[in-house]
Amino acid sequence: MRQQTLVAMLSLYAGNTVGASWLIEGVWGGRPPATADAQLRICVSRLRRQLAEAGMPGLISTDSHGYRLAVPRDRVDAHRFTDLLAKSRKAEAEGDCVEAVRLLRTALGLWRGPAAGGLTSPLVRAAAERLDEERMGTFEHCFGLELRLGRHHQILPELMAHANESPFRERLQFQLITALYRSGRQVDALHAYREIRRKFAEEIGIEPSQFLRTLERKILAQSPELNSRTYAQDTMIPA
């Protein structure tokens, strides 16, 4: 587990020097052993040997401040993900929503499960949780663009799966209900809203946001506004 934690921390800061004290904090938490410095050097030495045996020698360098994983950003999925998001934002700003969605889908395709799955280091977990939240926010933004592109039928199964897994993400629920309505499933859209309202009441004791309550009223009134592709744009969906 120490080796995996060390790899995770060096990868998160790939190309930059990570201080030995920070690595010790990540590997051992707030109660490192008296021999932590020596044990860290052993871990790094073992990792270097494993990388060399895998045909990747010289990837870890040492200086007076700590250790550095010398790999390009595009060799670390977390950094590739961030870079693709930046390219997608640029494409969207230029009015190319199709390209923006393509880049977002490429970024999301890099994920193979929760970030740093199985690692318990508080420092690594904090970074992993930020990445996981960014992933979910990316799904929501991508769904918003795809609704704008009129792809409600295509994204509906995926929307349902994510909405079931994250019932309290109101932006996601908003998108699901909108996609159901646009797919000609008004009854299902209203049922989805009422299920959300029930879960909010039973599990956290509050009503859904004004965004969702307004959406229900528009569905009941069959408001033409719901079929406008710009209705589900990000500025109208709770973040």
# chains A, B, ... in the order shown; residues from 1 in each chain; ligands from 1
>>> residues_around(residues="segment 192-208 of chain A", least_positions_apart="3", cutoff="12 Å", atoms="only C-alpha atoms", output="PyMOL selection string")
chain A and resi 160+163-164+166-181+185-189+211-217+219-220+238
>>> residues_around(residues="segment 26-33 of chain A", least_positions_apart="4", cutoff="9 Å", atoms="only C-alpha atoms", output="NGL selection string")
:A and (1-3 or 5-6 or 9 or 21-22 or 37 or 39-40 or 121-124)
>>> select_by_dssp(residues="segment 47-223 of chain A", states="strand (DSSP E)", output="ChimeraX atom specification")
/A:60-63,66-69
>>> residues_around(residues="Cys97 of chain A", least_positions_apart="2", cutoff="12 Å", atoms="only C-alpha atoms", output="PyMOL selection string")
chain A and resi 87-95+99-104+141-150+233
>>> residues_around(residues="Trp111 of chain A", least_positions_apart="3", cutoff="9 Å", atoms="only C-alpha atoms", output="NGL selection string")
:A and (77-78 or 81 or 107-108 or 114-115 or 135)
>>> closest_residue(among="A:Leu190, A:Leu110, A:Leu159, A:Leu23", to="Arg75 of chain A", atoms="only C-alpha atoms")
A:Leu110
>>> closest_residue(among="A:Thr230, A:Gln222, A:Thr82, A:Gln4", to="Val44 of chain A", atoms="only C-alpha atoms")
A:Gln4
>>> select_by_dssp(residues="segment 18-228 of chain A", states="alpha helix (DSSP H)", output="ChimeraX atom specification")
/A:20-28,36-53,77-93,97-108,122-148,152-165,170-182,186-199,210-220
>>> atom_distance(atom1="atom CA of Glu134 of chain A", atom2="atom CA of Asn227 of chain A")
28.4 Å
>>> atom_distance(atom1="atom CA of Arg46 of chain A", atom2="atom CA of Gly58 of chain A")
12.7 Å
>>> atom_distance(atom1="atom CA of Leu10 of chain A", atom2="atom CA of Leu69 of chain A")
5.7 Å
>>> residues_around(residues="Leu47 of chain A", least_positions_apart="5", cutoff="10 Å", atoms="only C-alpha atoms", output="list in words")
Gln3, Gln4, Leu6, Val7, Arg41, Ile42, Ala52, Glu53, Leu59 and Ile60 of chain A
